[in-house]
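Source file: protein_4.txt; contents: compact mmCIF, C-alpha atoms.
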# COMPACT_ATOMS: atom_id res chain seq x y z
CA THR A 72 105.71 6.02 89.16
CA THR A 73 105.62 3.60 86.25
CA LEU A 74 102.97 5.75 84.55
CA PHE A 75 105.19 8.82 84.78
CA ARG A 76 108.15 6.98 83.28
CA SER A 77 105.95 5.74 80.43
CA ASP A 78 104.80 9.30 79.72
CA LEU A 79 108.39 10.53 79.72
CA GLU A 80 109.37 8.03 77.03
CA LEU A 81 106.18 7.49 75.02
CA ASP A 82 104.71 11.02 75.10
CA ARG A 83 107.58 12.43 73.11
CA MET A 84 106.63 16.12 73.24
CA PHE A 85 106.23 15.92 77.02
CA GLY A 86 109.65 14.29 77.28
CA LEU A 87 111.21 16.97 75.11
CA SER A 88 109.59 19.73 77.16
CA VAL A 89 111.24 18.40 80.34
CA ALA A 90 114.67 18.77 78.72
CA GLU A 91 113.83 22.14 77.17
CA ASN A 92 112.63 23.55 80.51
CA ALA A 93 116.02 22.62 81.98
CA GLY A 94 117.84 24.56 79.26
CA ILE A 95 118.97 21.58 77.18
CA ALA A 96 119.09 22.09 73.41
CA LEU A 97 116.57 20.28 71.18
CA PRO A 98 116.41 19.62 67.45
CA GLU A 99 113.50 21.28 65.66
CA SER A 100 110.56 19.06 66.63
CA GLU A 101 106.86 19.26 65.73
CA SER A 102 103.90 17.08 66.66
CA PHE A 103 101.37 16.02 64.01
CA GLN A 104 98.05 14.20 63.85
CA ASP A 105 97.77 14.42 60.08
CA PHE A 106 100.14 13.18 57.38
CA ASP A 107 99.25 15.85 54.83
CA ALA A 108 100.03 18.60 57.34
CA ALA A 109 103.39 16.95 58.09
CA MET A 110 104.26 16.74 54.42
CA ASP A 111 103.31 20.39 53.91
CA HIS A 112 105.55 21.29 56.86
CA ILE A 113 108.68 19.79 55.28
CA ALA A 114 107.83 20.20 51.59
CA ASP A 115 110.22 23.11 50.99
CA SER A 116 112.92 21.78 53.30
CA ASP A 117 116.32 20.59 52.13
CA CYS A 118 116.97 18.75 55.43
CA ALA A 119 116.74 15.15 56.54
CA TRP A 120 114.05 14.28 59.09
CA VAL A 121 113.15 11.62 61.63
CA VAL A 122 109.59 10.40 62.18
CA LYS A 123 108.82 9.05 65.67
CA PRO A 124 105.45 7.53 66.60
CA GLU A 125 103.90 8.62 69.87
CA ALA A 126 103.48 5.58 72.16
CA ASN A 127 103.97 2.12 70.63
CA LYS A 128 102.47 1.36 67.23
CA GLU A 129 102.12 -2.08 65.68
CA GLY A 130 103.81 -2.20 62.28
CA VAL A 131 105.37 1.29 62.36
CA GLN A 132 108.52 2.52 64.04
CA THR A 133 110.99 5.37 64.16
CA PHE A 134 112.45 6.09 60.71
CA VAL A 135 115.55 8.19 60.06
CA SER A 136 115.65 9.58 56.52
CA LYS A 137 118.68 10.61 54.51
CA SER A 138 116.79 13.41 52.73
CA CYS A 139 113.52 15.31 52.71
CA GLU A 140 112.41 13.35 49.65
CA GLU A 141 112.96 10.05 51.43
CA MET A 142 110.91 11.25 54.41
CA MET A 143 108.09 12.38 52.12
CA ALA A 144 107.99 8.88 50.62
CA MET A 145 107.93 7.27 54.08
CA LEU A 146 105.10 9.53 55.23
CA GLU A 147 103.11 8.50 52.16
CA HIS A 148 103.77 4.87 53.06
CA TYR A 149 102.79 5.36 56.71
CA LYS A 150 99.64 7.14 55.55
CA GLU A 151 98.53 3.86 53.98
CA ILE A 152 99.44 1.45 56.79
CA TRP A 153 99.25 3.48 60.05
CA PRO A 154 96.99 1.69 62.57
CA GLY A 155 94.56 3.62 64.76
CA LYS A 156 95.05 7.16 66.00
CA ILE A 157 97.58 9.24 64.04
CA ASP A 158 100.01 10.92 66.41
CA PHE A 159 103.72 11.35 65.67
CA VAL A 160 106.66 13.72 65.93
CA LEU A 161 108.84 14.99 63.11
CA GLN A 162 112.35 15.90 64.22
CA LYS A 163 115.00 17.59 62.10
CA VAL A 164 118.21 15.56 61.83
CA VAL A 165 121.20 17.07 63.65
CA GLU A 166 124.58 16.01 62.30
CA GLY A 167 126.96 14.68 64.92
CA VAL A 168 127.75 11.71 67.16
CA GLU A 169 124.93 9.91 68.96
CA VAL A 170 125.73 9.30 72.64
CA SER A 171 123.47 7.94 75.35
CA SER A 172 123.84 9.12 78.95
CA GLU A 173 122.33 7.28 81.90
CA VAL A 174 122.00 7.64 85.67
CA TRP A 175 120.29 5.48 88.30
CA CYS A 176 118.21 7.16 90.96
CA VAL A 177 116.78 6.43 94.41
CA ASN A 178 113.93 8.72 95.51
CA GLY A 179 115.28 11.58 93.41
CA ILE A 180 118.93 11.11 94.37
CA ILE A 181 121.34 10.19 91.58
CA VAL A 182 123.37 7.19 92.74
CA PRO A 183 127.05 8.27 92.91
CA GLY A 184 129.12 6.43 90.33
CA SER A 185 126.11 5.30 88.26
CA TYR A 186 126.57 7.83 85.43
CA ASN A 187 127.53 6.01 82.24
CA ASN A 188 127.54 6.55 78.49
CA THR A 189 126.64 4.23 75.64
CA LEU A 190 127.44 4.10 71.93
CA GLU A 191 124.87 1.94 70.15
CA GLN A 192 124.84 -0.03 66.93
CA LYS A 193 121.22 -0.06 65.76
CA ARG A 194 121.46 -1.79 62.37
CA LEU A 195 120.56 -5.48 62.25
CA MET A 196 123.77 -6.64 60.57
CA VAL A 197 127.48 -5.87 60.63
CA GLY A 198 128.79 -3.17 58.33
CA ASP A 199 125.90 -0.87 59.28
CA LEU A 200 123.60 -2.88 57.00
CA GLY A 201 119.97 -3.91 57.33
CA PRO A 202 116.99 -2.27 59.03
CA ASN A 203 117.20 -0.25 62.23
CA THR A 204 116.35 -2.12 65.42
CA GLY A 205 116.09 -0.90 68.98
CA CYS A 206 119.71 -1.87 69.53
CA MET A 207 121.97 -4.70 68.34
CA SER A 208 125.09 -3.93 70.36
CA SER A 209 126.27 -1.46 72.98
CA SER A 210 129.65 -0.10 73.99
CA VAL A 211 129.39 1.26 77.53
CA LYS A 212 131.81 3.27 79.68
CA PHE A 213 131.16 4.67 83.12
CA ASN A 214 131.72 8.43 83.28
CA LEU A 215 132.99 8.59 79.71
CA CYS A 216 132.38 12.33 79.46
CA PRO A 217 131.95 14.33 82.70
CA GLN A 218 131.38 17.50 80.66
CA LEU A 219 128.38 15.86 78.98
CA TYR A 220 126.93 15.13 82.44
CA GLU A 221 127.11 18.81 83.34
CA LEU A 222 125.33 19.76 80.10
CA THR A 223 122.57 17.19 80.58
CA PHE A 224 121.84 15.58 83.95
CA GLY A 225 123.68 18.35 85.77
CA LYS A 226 120.87 20.66 84.64
CA LEU A 227 118.22 18.13 85.68
CA GLU A 228 119.31 17.29 89.21
CA GLY A 229 116.69 19.61 90.71
CA TRP A 230 113.91 18.20 88.54
CA ILE A 231 114.91 14.58 89.30
CA LYS A 232 114.81 15.41 93.01
CA SER A 233 111.45 17.19 92.74
CA VAL A 234 109.72 14.21 91.09
CA LYS A 235 111.50 11.70 93.38
CA TYR A 236 112.55 9.68 90.37
CA ASN A 237 113.41 6.02 90.95
CA GLY A 238 115.35 3.64 88.72
CA PRO A 239 117.36 4.11 85.52
CA LEU A 240 116.99 7.22 83.39
CA ASP A 241 118.67 7.49 79.99
CA MET A 242 118.91 10.57 77.77
CA ASN A 243 119.86 10.06 74.13
CA CYS A 244 121.65 12.99 72.51
CA ILE A 245 123.39 14.02 69.31
CA ILE A 246 126.64 15.87 70.00
CA ASP A 247 127.35 18.38 67.22
CA ASP A 248 130.74 19.64 66.05
CA ASP A 249 130.69 22.41 68.67
CA GLY A 250 130.17 19.91 71.48
CA THR A 251 126.55 20.91 72.09
CA PRO A 252 124.28 17.99 73.08
CA TYR A 253 120.85 17.98 71.40
CA MET A 254 118.42 15.86 73.39
CA LEU A 255 116.50 13.38 71.20
CA GLU A 256 114.49 11.14 73.52
CA TRP A 257 114.32 9.40 76.88
CA THR A 258 114.63 5.76 77.83
CA ALA A 259 113.00 5.68 81.26
CA ARG A 260 113.84 2.02 81.91
CA MET A 261 116.73 -0.40 81.49
CA GLY A 262 118.06 -0.27 77.94
CA TYR A 263 118.82 -3.38 75.93
CA SER A 264 121.49 -4.44 75.25
CA ALA A 265 123.36 -1.82 77.32
CA VAL A 266 122.11 -3.08 80.70
CA TYR A 267 124.16 -6.28 80.35
CA ALA A 268 127.35 -4.29 79.85
CA PHE A 269 126.35 -1.97 82.71
CA LEU A 270 125.86 -4.89 85.12
CA GLU A 271 129.16 -6.43 84.03
CA GLY A 272 130.97 -3.24 85.04
CA LEU A 273 129.35 -2.69 88.45
CA ASN A 274 132.04 -4.68 90.31
CA MET A 275 129.34 -6.07 92.58
CA PRO A 276 126.62 -8.75 92.30
CA ALA A 277 123.65 -7.50 90.31
CA GLY A 278 121.28 -8.89 92.95
CA ASP A 279 122.90 -6.76 95.66
CA PHE A 280 122.62 -3.67 93.45
CA PHE A 281 118.91 -4.17 92.72
CA ALA A 282 118.16 -5.08 96.35
CA ALA A 283 119.73 -1.81 97.50
CA LEU A 284 117.69 0.19 94.98
CA ALA A 285 114.47 -1.56 96.02
CA SER A 286 115.12 -0.85 99.70
CA GLY A 287 115.86 2.83 99.05
CA GLU A 288 119.56 2.58 99.86
CA VAL A 289 121.86 4.99 97.99
CA LEU A 290 125.03 3.05 97.27
CA MET A 291 128.42 4.58 96.49
CA LEU A 292 129.40 2.66 93.37
CA SER A 293 132.98 1.96 92.29
CA PRO A 294 132.43 0.67 88.75
CA SER A 295 134.92 -0.50 86.17
CA THR A 296 136.85 2.11 84.19
CA ASP A 297 137.09 -0.23 81.18
CA TRP A 298 135.05 -0.17 78.00
CA LEU A 299 132.24 -2.72 78.33
CA GLY A 300 130.34 -4.41 75.52
CA ALA A 301 127.09 -6.27 74.95
CA LEU A 302 125.97 -7.96 71.74
CA ARG A 303 122.47 -9.08 70.82
CA LEU A 304 122.19 -12.27 68.77
CA THR A 305 118.95 -12.72 66.85
CA CYS A 306 117.26 -15.08 64.42
CA PRO A 307 114.40 -14.57 61.96
CA PRO A 308 111.75 -13.20 61.94
CA HIS A 309 113.33 -10.43 64.12
CA PRO A 310 113.05 -7.48 63.57
CA VAL A 311 110.06 -7.86 61.20
Once you've parsed the file, please lay out its structure as structure tokens.
Amino acid sequence: TTLFRSDLELDRMFGLSVAENAGIALPESESFQDFDAAMDHIADSDCAWVVKPEANKEGVQTFVSKSCEEMMAMLEHYKEIWPGKIDFVLQKVVEGVEVSSEVWCVNGIIVPGSYNNTLEQKRLMVGDLGPNTGCMSSSVKFNLCPQLYELTFGKLEGWIKSVKYNGPLDMNCIIDDDGTPYMLEWTARMGYSAVYAFLEGLNMPAGDFFAALASGEVLMLSPSTDWLGALRLTCPPHPV
């Protein structure tokens, strides 16, 4: 259901528990409802951290620090401006390459050929400059890394079947130097701008693809083997 997909993405600790129960590695992650408690938790740390709001919050967003000191300063800032109920996750930064993995499902069956991977550029401007956005560009390849599938969705096939999942399901991971994927978060919907590259590589009309999904038909896809790209063009005041 739509509600379930929202919980998977916006209730971050629930989403992480789904991956953990399947035996997928997670970064150290803790939930907080108090900024002072969060700052006490990382005060003696020499690591970088990520702060991720639960649900959607007006005026605040995920922030990736470069050091513990930088995160402490951001938490102090959020303490002053945070609207409404305080509820967020602190996640320890894992060094590695960020790779997104996605499958499309029909009543709990993963559509053959739908597995694809995305490398995202999140900064607003070229040269990795400017603030982080949801995504500014995406490089997509179908079945880029079959081994990554086995370490992620391969462990979740039973769960996906049990909940009769429908639609796209994306798992964002950091791959460390040993090749271990650490699950960061879910995108339980179409991802922008990656969906445009995905549709370009289907080798079939997008309308036919969505009609088949809506009717419960499990297609056998034969997508492009090329690298596919999508670029988001923006104008002010985005992303402020």
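With distances restricted to all atoms listed in the file, A:Cys216 is the closest residue to Val170 (chain A) from A:Val197, A:Val311, A:Cys216, A:Ala96.
Of the residues listed (A:Gly205, A:Pro252, A:Gly238, A:Pro98), A:Gly238 shows the shortest atom-to-atom separation from Phe280 (chain A); distances use all atoms listed in the file.
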Practice task
Excluding region 182-188 of chain A and any residue of its chain fewer than 6 positions from it, enumerate the residues within 6 Å of it, using all atoms listed in the file, and give them as an MDAnalysis selection string.
Solution key: chainID A and resid 171:176 211:215 289 291:292
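You can rank A:Thr189, A:Asn274, A:Ser100, A:Gln132 by their closest distance to Val165 (chain A) using all atoms listed in the file, and at the top of that list sits A:Ser100.
Distances here use only C-alpha atoms; by that measure, the residue among A:Asn243, A:Asn237, A:Thr133, A:Ser208 closest to Gly179 (chain A) is A:Asn237.
The shell of residues at most 12 Å from Leu304 (chain A), with only C-alpha atoms counted and near chain neighbours (fewer than 4 positions) removed, consists of Leu195, Met196, Val197, Cys206, Met207, Ser208, Tyr263, Ser264, His309 and Pro310 of chain A.
You can rank A:Leu227, A:Lys232, A:Leu240, A:Ser295 by their closest distance to Asn92 (chain A) using only C-alpha atoms, and at the top of that list sits A:Leu227.
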Between CA of Gly86 (chain A) and CA of Trp257 (chain A) lies a distance of 6.8 Å
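Using only C-alpha atoms, the nearest neighbour of Asp247 (chain A) within the list A:Val168, A:Val135, A:Leu79, A:Ala108 is A:Val168.
As for CA of Lys193 (chain A) and CA of Ala119 (chain A), they are spaced 18.3 Å apart.
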### Task
Using all atoms listed in the file, determine which residues lie at most 9 Å from Glu80 (chain A), disregarding the query and same-chain residues fewer than 6 positions distant; provide the list as a PyMOL selection string.
chain A and resi 86+126+256-260
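Between CA of Thr251 (chain A) and CA of Pro202 (chain A) the separation is 28.3 Å.
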Name the residues, using the chain letters and numbers of the file, that sit within 8 Å of (109.9, 18.9, 59.9) when counting all atoms listed in the file, and give them as an NGL selection string.
:A and (99-101 or 109 or 112-113 or 116 or 120 or 161-163)
| said: Residues near Val234 (chain A), anyone? I mean within 12 Å using all atoms listed in the file, not counting same-chain ones fewer than 6 positions away, as a list in words. | reply: Thr72, Phe75, Arg76, Val89, Cys176, Val177, Asn178, Gly179, Ile180, Leu227 and Glu228 of chain A
Could you give me region 210-221 of chain A completed to all heavy atoms, formatted as a compact mmCIF listing (two decimals), in the coordinates of the input?
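The resulting result.txt:
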# COMPACT_ATOMS: atom_id res chain seq x y z
N SER A 210 128.36 -0.32 73.36
CA SER A 210 129.65 -0.10 73.99
C SER A 210 129.44 0.90 75.12
O SER A 210 128.98 2.02 74.88
CB SER A 210 130.67 0.45 72.99
OG SER A 210 130.87 -0.47 71.93
N VAL A 211 129.72 0.48 76.34
CA VAL A 211 129.39 1.26 77.53
C VAL A 211 130.65 1.62 78.30
O VAL A 211 131.57 0.81 78.41
CB VAL A 211 128.43 0.47 78.45
CG1 VAL A 211 128.16 1.22 79.75
CG2 VAL A 211 127.13 0.14 77.73
N LYS A 212 130.69 2.85 78.80
CA LYS A 212 131.81 3.27 79.68
C LYS A 212 131.24 4.16 80.78
O LYS A 212 130.49 5.09 80.49
CB LYS A 212 132.88 4.02 78.91
CG LYS A 212 134.23 4.06 79.63
CD LYS A 212 135.31 4.64 78.75
CE LYS A 212 136.71 4.39 79.30
NZ LYS A 212 136.89 4.87 80.67
N PHE A 213 131.58 3.83 82.01
CA PHE A 213 131.16 4.67 83.12
C PHE A 213 131.90 6.00 83.06
O PHE A 213 133.12 6.04 82.88
CB PHE A 213 131.42 3.97 84.45
CG PHE A 213 130.42 2.91 84.79
CD1 PHE A 213 130.58 1.61 84.33
CD2 PHE A 213 129.30 3.20 85.57
CE1 PHE A 213 129.65 0.61 84.64
CE2 PHE A 213 128.37 2.22 85.88
CZ PHE A 213 128.54 0.93 85.41
N ASN A 214 131.15 7.08 83.21
CA ASN A 214 131.72 8.43 83.28
C ASN A 214 132.64 8.73 82.11
O ASN A 214 133.70 9.33 82.27
CB ASN A 214 132.47 8.63 84.61
CG ASN A 214 132.65 10.10 84.97
OD1 ASN A 214 131.88 10.95 84.55
ND2 ASN A 214 133.68 10.39 85.73
N LEU A 215 132.19 8.35 80.92
CA LEU A 215 132.99 8.59 79.71
C LEU A 215 133.26 10.08 79.51
O LEU A 215 134.36 10.48 79.15
CB LEU A 215 132.25 8.02 78.49
CG LEU A 215 132.81 8.39 77.11
CD1 LEU A 215 134.20 7.80 76.93
CD2 LEU A 215 131.88 7.90 76.01
N CYS A 216 132.23 10.90 79.75
CA CYS A 216 132.38 12.33 79.46
C CYS A 216 131.74 13.15 80.57
O CYS A 216 130.54 13.47 80.51
CB CYS A 216 131.72 12.65 78.12
SG CYS A 216 131.98 14.35 77.57
N PRO A 217 132.51 13.52 81.61
CA PRO A 217 131.95 14.33 82.70
C PRO A 217 131.35 15.65 82.22
O PRO A 217 130.35 16.11 82.79
CB PRO A 217 133.17 14.58 83.60
CG PRO A 217 134.09 13.43 83.31
CD PRO A 217 133.90 13.13 81.85
N GLN A 218 131.92 16.24 81.18
CA GLN A 218 131.38 17.50 80.66
C GLN A 218 129.97 17.31 80.13
O GLN A 218 129.10 18.17 80.30
CB GLN A 218 132.28 18.06 79.56
CG GLN A 218 131.78 19.39 79.00
CD GLN A 218 132.63 19.89 77.85
OE1 GLN A 218 133.56 19.22 77.40
NE2 GLN A 218 132.31 21.08 77.36
N LEU A 219 129.71 16.14 79.49
CA LEU A 219 128.38 15.86 78.98
C LEU A 219 127.38 15.75 80.13
O LEU A 219 126.23 16.15 80.00
CB LEU A 219 128.40 14.57 78.15
CG LEU A 219 127.08 14.15 77.51
CD1 LEU A 219 126.51 15.26 76.64
CD2 LEU A 219 127.27 12.87 76.70
N TYR A 220 127.81 15.19 81.26
CA TYR A 220 126.93 15.13 82.44
C TYR A 220 126.49 16.53 82.84
O TYR A 220 125.31 16.78 83.10
CB TYR A 220 127.64 14.44 83.61
CG TYR A 220 126.79 14.42 84.87
CD1 TYR A 220 125.96 13.34 85.13
CD2 TYR A 220 126.80 15.49 85.76
CE1 TYR A 220 125.16 13.32 86.27
CE2 TYR A 220 126.00 15.49 86.90
CZ TYR A 220 125.19 14.40 87.14
OH TYR A 220 124.38 14.40 88.26
N GLU A 221 127.44 17.46 82.91
CA GLU A 221 127.11 18.81 83.34
C GLU A 221 126.13 19.49 82.38
O GLU A 221 125.31 20.31 82.80
CB GLU A 221 128.38 19.65 83.47
CG GLU A 221 129.34 19.16 84.55
CD GLU A 221 128.68 19.11 85.92
OE1 GLU A 221 127.83 19.97 86.21
OE2 GLU A 221 129.02 18.19 86.70
